[in-house]
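Colleague: For reference, this is query09.tsv, and it has TSV, C-alpha atoms.
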```
chain	number	residue	atom	x	y	z
A	6	MET	CA	0.00	0.00	0.00
A	7	GLY	CA	1.34	3.44	-0.97
A	8	ARG	CA	2.01	6.33	1.30
A	9	ARG	CA	-0.94	8.62	2.06
A	10	PRO	CA	-0.65	12.15	0.64
A	11	SER	CA	-0.22	14.96	3.15
A	12	ALA	CA	-3.23	17.04	4.16
A	13	LYS	CA	-1.50	20.08	2.68
A	14	ARG	CA	-1.15	18.37	-0.70
A	15	VAL	CA	-4.76	17.13	-0.66
A	16	ALA	CA	-6.00	20.65	0.15
A	17	ALA	CA	-3.90	22.20	-2.62
A	18	GLU	CA	-5.19	19.70	-5.18
A	19	ALA	CA	-8.81	20.13	-4.04
A	20	GLY	CA	-8.61	23.90	-4.53
A	21	ALA	CA	-6.57	23.89	-7.74
A	22	HIS	CA	-9.63	24.82	-9.80
A	23	LEU	CA	-10.17	28.02	-7.75
A	24	VAL	CA	-8.44	31.12	-9.12
A	25	ARG	CA	-7.89	33.80	-6.45
A	26	THR	CA	-7.10	37.35	-7.57
A	27	GLU	CA	-6.05	40.05	-5.10
A	28	VAL	CA	-6.70	42.89	-7.57
A	29	TRP	CA	-10.20	43.08	-9.07
A	30	GLN	CA	-12.10	45.90	-10.78
A	31	GLY	CA	-9.51	48.41	-9.55
A	32	VAL	CA	-9.66	47.33	-5.89
A	33	ARG	CA	-6.66	45.78	-4.14
A	34	ALA	CA	-6.52	43.44	-1.15
A	35	GLY	CA	-6.90	45.45	2.06
A	36	GLU	CA	-8.82	48.37	0.51
A	37	PRO	CA	-12.24	49.25	1.96
A	38	VAL	CA	-15.41	48.31	0.05
A	39	ASP	CA	-19.13	48.57	0.71
A	40	VAL	CA	-21.33	45.47	0.64
A	41	ALA	CA	-25.01	45.79	-0.25
A	42	ASP	CA	-27.44	43.91	2.00
A	43	SER	CA	-24.81	42.29	4.23
A	44	GLY	CA	-27.37	42.02	7.03
A	45	LEU	CA	-25.07	43.80	9.49
A	46	THR	CA	-25.80	47.38	10.47
A	47	GLY	CA	-22.67	49.50	10.85
A	48	ALA	CA	-20.41	46.85	9.33
A	49	THR	CA	-17.21	47.81	7.53
A	50	TRP	CA	-15.45	45.61	5.01
A	51	THR	CA	-12.09	45.34	3.28
A	52	PHE	CA	-11.52	43.51	0.02
A	53	ARG	CA	-9.59	40.24	0.33
A	54	CYS	CA	-9.83	38.62	-3.13
A	55	HIS	CA	-12.00	37.71	-6.09
A	56	VAL	CA	-12.43	33.96	-6.62
A	57	LEU	CA	-13.32	32.16	-9.85
A	58	ASN	CA	-14.27	28.48	-9.87
A	59	ARG	CA	-12.92	27.15	-13.18
A	60	HIS	CA	-15.08	24.01	-12.96
A	61	ASN	CA	-18.46	25.72	-13.01
A	62	GLY	CA	-17.78	29.42	-13.72
A	63	ALA	CA	-19.08	30.56	-10.32
A	64	GLU	CA	-17.43	33.63	-8.85
A	65	TRP	CA	-17.53	35.46	-5.55
A	66	VAL	CA	-15.70	38.15	-3.61
A	67	GLU	CA	-14.14	37.51	-0.21
A	68	VAL	CA	-14.11	40.41	2.25
A	69	VAL	CA	-12.89	40.79	5.83
A	70	GLY	CA	-14.68	42.73	8.54
A	71	GLY	CA	-18.16	43.03	9.95
A	72	ARG	CA	-19.34	44.96	12.98
A	73	PRO	CA	-16.79	47.21	14.72
A	74	GLY	CA	-13.80	45.14	15.84
A	75	ALA	CA	-14.79	42.03	13.86
A	76	THR	CA	-12.45	40.28	11.43
A	77	ALA	CA	-14.79	37.71	9.93
A	78	VAL	CA	-14.14	36.49	6.38
A	79	ARG	CA	-17.32	36.49	4.31
A	80	SER	CA	-18.08	35.75	0.66
A	81	PHE	CA	-20.52	37.76	-1.43
A	82	ASP	CA	-21.76	37.85	-5.01
A	83	PRO	CA	-19.68	40.37	-7.01
A	84	GLU	CA	-22.86	42.36	-7.81
A	85	ARG	CA	-23.08	43.28	-4.11
A	86	ILE	CA	-19.62	44.87	-3.89
A	87	TYR	CA	-19.27	48.66	-4.25
A	88	ALA	CA	-16.40	51.13	-4.08
A	89	THR	CA	-16.59	53.00	-0.78
A	90	ALA	CA	-18.44	56.30	-0.77
A	91	GLY	CA	-16.50	59.41	0.22
A	92	SER	CA	-18.57	60.04	3.34
A	93	ARG	CA	-19.68	57.22	5.63
A	94	CYS	CA	-22.61	59.22	6.97
A	95	GLY	CA	-25.69	57.85	5.22
A	96	SER	CA	-23.59	56.26	2.49
A	97	GLY	CA	-25.77	53.36	1.43
A	98	THR	CA	-25.44	51.72	-1.93
A	99	ARG	CA	-28.72	53.10	-3.29
A	100	GLY	CA	-28.24	55.05	-6.51
A	101	ARG	CA	-24.69	53.72	-6.98
A	102	LEU	CA	-23.36	51.07	-9.33
A	103	PRO	CA	-21.50	47.96	-8.13
A	104	LEU	CA	-17.84	47.48	-9.07
A	105	THR	CA	-18.91	44.94	-11.72
A	106	GLU	CA	-20.57	47.81	-13.62
A	107	GLU	CA	-18.39	50.73	-12.53
A	108	PRO	CA	-14.83	49.60	-11.80
A	109	ARG	CA	-12.38	51.92	-10.09
A	110	LEU	CA	-9.90	53.11	-12.65
A	111	PRO	CA	-6.36	54.18	-11.81
A	112	LEU	CA	-5.65	57.90	-11.94
A	113	GLY	CA	-3.01	59.33	-14.24
```
Would you mind writing the file's structure down as structure tokens?

Modeller:
Amino acid sequence: MGRRPSAKRVAAEAGAHLVRTEVWQGVRAGEPVDVADSGLTGATWTFRCHVLNRHNGAEWVEVVGGRPGATAVRSFDPERIYATAGSRCGSGTRGRLPLTEEPRLPLG
């Protein structure tokens, strides 16, 4: 009987079809984003990565944050991710376009 593969190797092979990108639609890992309908009042989020499943074409965005002081990692549909508004006071996502439709473009 052959040697069992390491857990690290099994995990790497299981996730090989997932493509993680730390720059997406002009947002880089660690930059703040707004999430529509996260279900958490007063939550703040930072972009972690965009993920594409090459097997089925599914995609999602991973963010870090939540309520003040939280560092939860959550995944959301890309259509729910917005560039942060200039002012946090009353800055909902209503009337704004998600990053999928209005990417942040580099200046200069």

Colleague: Taking all listed atoms of segment 21-40 of chain A, build the axis-aligned box, pad each of the six sides by 4 Å, then write its centre and edge lengths in Å to one decimal as AutoDock Vina command-line options.

Modeller:
```
--center_x -13.7 --center_y 36.6 --center_z -4.4 --size_x 23.3 --size_y 33.4 --size_z 20.8
```

Colleague: A:Arg109, A:Trp65, A:Ala75, A:Asn58: which is nearest Ala19 of chain A, counting only C-alpha atoms?

Modeller: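 For Ala19 of chain A, the nearest of the candidates is A:Asn58.
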
Colleague: Show me, as a ChimeraX atom specification, the residues that have an atom within 7 Å of Arg25 of chain A when counting only C-alpha atoms, minus same-chain residues fewer than 6 positions from it.

Modeller: /A:54-57

Colleague: May I ask for the distance between atom CA of Leu23 of chain A and atom CA of Gly62 of chain A, given in Å to one decimal place?

Modeller: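 If I compute the distance from atom CA of Leu23 of chain A to atom CA of Gly62 of chain A, I get 9.8 Å.
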
Colleague: As number ranges by chain, please: the residues near Ser43 of chain A (cut-off 12 Å, all atoms listed in the file, same-chain neighbours under 6 positions excluded).

Modeller: A: 49-50, 68, 70-72, 79-82, 85-87, 97-98

Colleague: Go ahead and dump the residues you just picked, C-alpha atoms, as a PDB file, in the frame of the given file.

Modeller:
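Result file is selection19.pdb:
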```
ATOM      1  CA  THR A  49     -17.210  47.810   7.530  1.00  0.00           C
ATOM      2  CA  TRP A  50     -15.450  45.610   5.010  1.00  0.00           C
ATOM      3  CA  VAL A  68     -14.110  40.410   2.250  1.00  0.00           C
ATOM      4  CA  GLY A  70     -14.680  42.730   8.540  1.00  0.00           C
ATOM      5  CA  GLY A  71     -18.160  43.030   9.950  1.00  0.00           C
ATOM      6  CA  ARG A  72     -19.340  44.960  12.980  1.00  0.00           C
ATOM      7  CA  ARG A  79     -17.320  36.490   4.310  1.00  0.00           C
ATOM      8  CA  SER A  80     -18.080  35.750   0.660  1.00  0.00           C
ATOM      9  CA  PHE A  81     -20.520  37.760  -1.430  1.00  0.00           C
ATOM     10  CA  ASP A  82     -21.760  37.850  -5.010  1.00  0.00           C
ATOM     11  CA  ARG A  85     -23.080  43.280  -4.110  1.00  0.00           C
ATOM     12  CA  ILE A  86     -19.620  44.870  -3.890  1.00  0.00           C
ATOM     13  CA  TYR A  87     -19.270  48.660  -4.250  1.00  0.00           C
ATOM     14  CA  GLY A  97     -25.770  53.360   1.430  1.00  0.00           C
ATOM     15  CA  THR A  98     -25.440  51.720  -1.930  1.00  0.00           C
TER      16      THR A  98
END
```

Colleague: Between atom CA of Gln30 of chain A and atom CA of Leu104 of chain A, what distance in Å does the model show, to one decimal?

Modeller: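 Calculated distance between atom CA of Gln30 of chain A and atom CA of Leu104 of chain A is 6.2 Å.
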
Colleague: Between atom CA of Thr89 of chain A and atom CA of Leu45 of chain A, measure the distance and give it in Å to one decimal.

Modeller: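 Distance between the two atoms: 16.2 Å.
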
Colleague: Out of A:Val15, A:Gly100, A:Glu106, A:His22, which residue has the shortest atom-to-atom distance to Arg59 of chain A when counting only C-alpha atoms?

Modeller: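 Of A:Val15, A:Gly100, A:Glu106, A:His22, the one nearest Arg59 of chain A is A:His22, counting only C-alpha atoms.
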
Colleague: Pick the closest to Pro108 of chain A from A:Val78, A:Val28, A:Ala34, A:Pro73: which is it, counting only C-alpha atoms?

Modeller: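 Of the candidates, the smallest distance to Pro108 of chain A is held by A:Val28.
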
Colleague: Which one is closest to Gly20 of chain A: A:Thr46, A:Gly35, A:Arg53, A:His60? Count all atoms listed in the file.

Modeller: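 Smallest separation from Gly20 of chain A among the options: A:His60.
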
Colleague: Pick out the closest residue to Ala63 of chain A from this set: A:Val38, A:Val24, A:Pro103, A:Ala88. Count all atoms listed in the file.

Modeller: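 Of A:Val38, A:Val24, A:Pro103, A:Ala88, the one nearest Ala63 of chain A, counting all atoms listed in the file, is A:Val24.
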
Colleague: Let me make sure I understand: among A:Phe52, A:Gly74, A:Val69, A:Gly7, which one has the smallest atom-to-atom distance to Gly31 of chain A if we use all atoms listed in the file?

Modeller: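 Closest to Gly31 of chain A, using all atoms listed in the file: A:Phe52.
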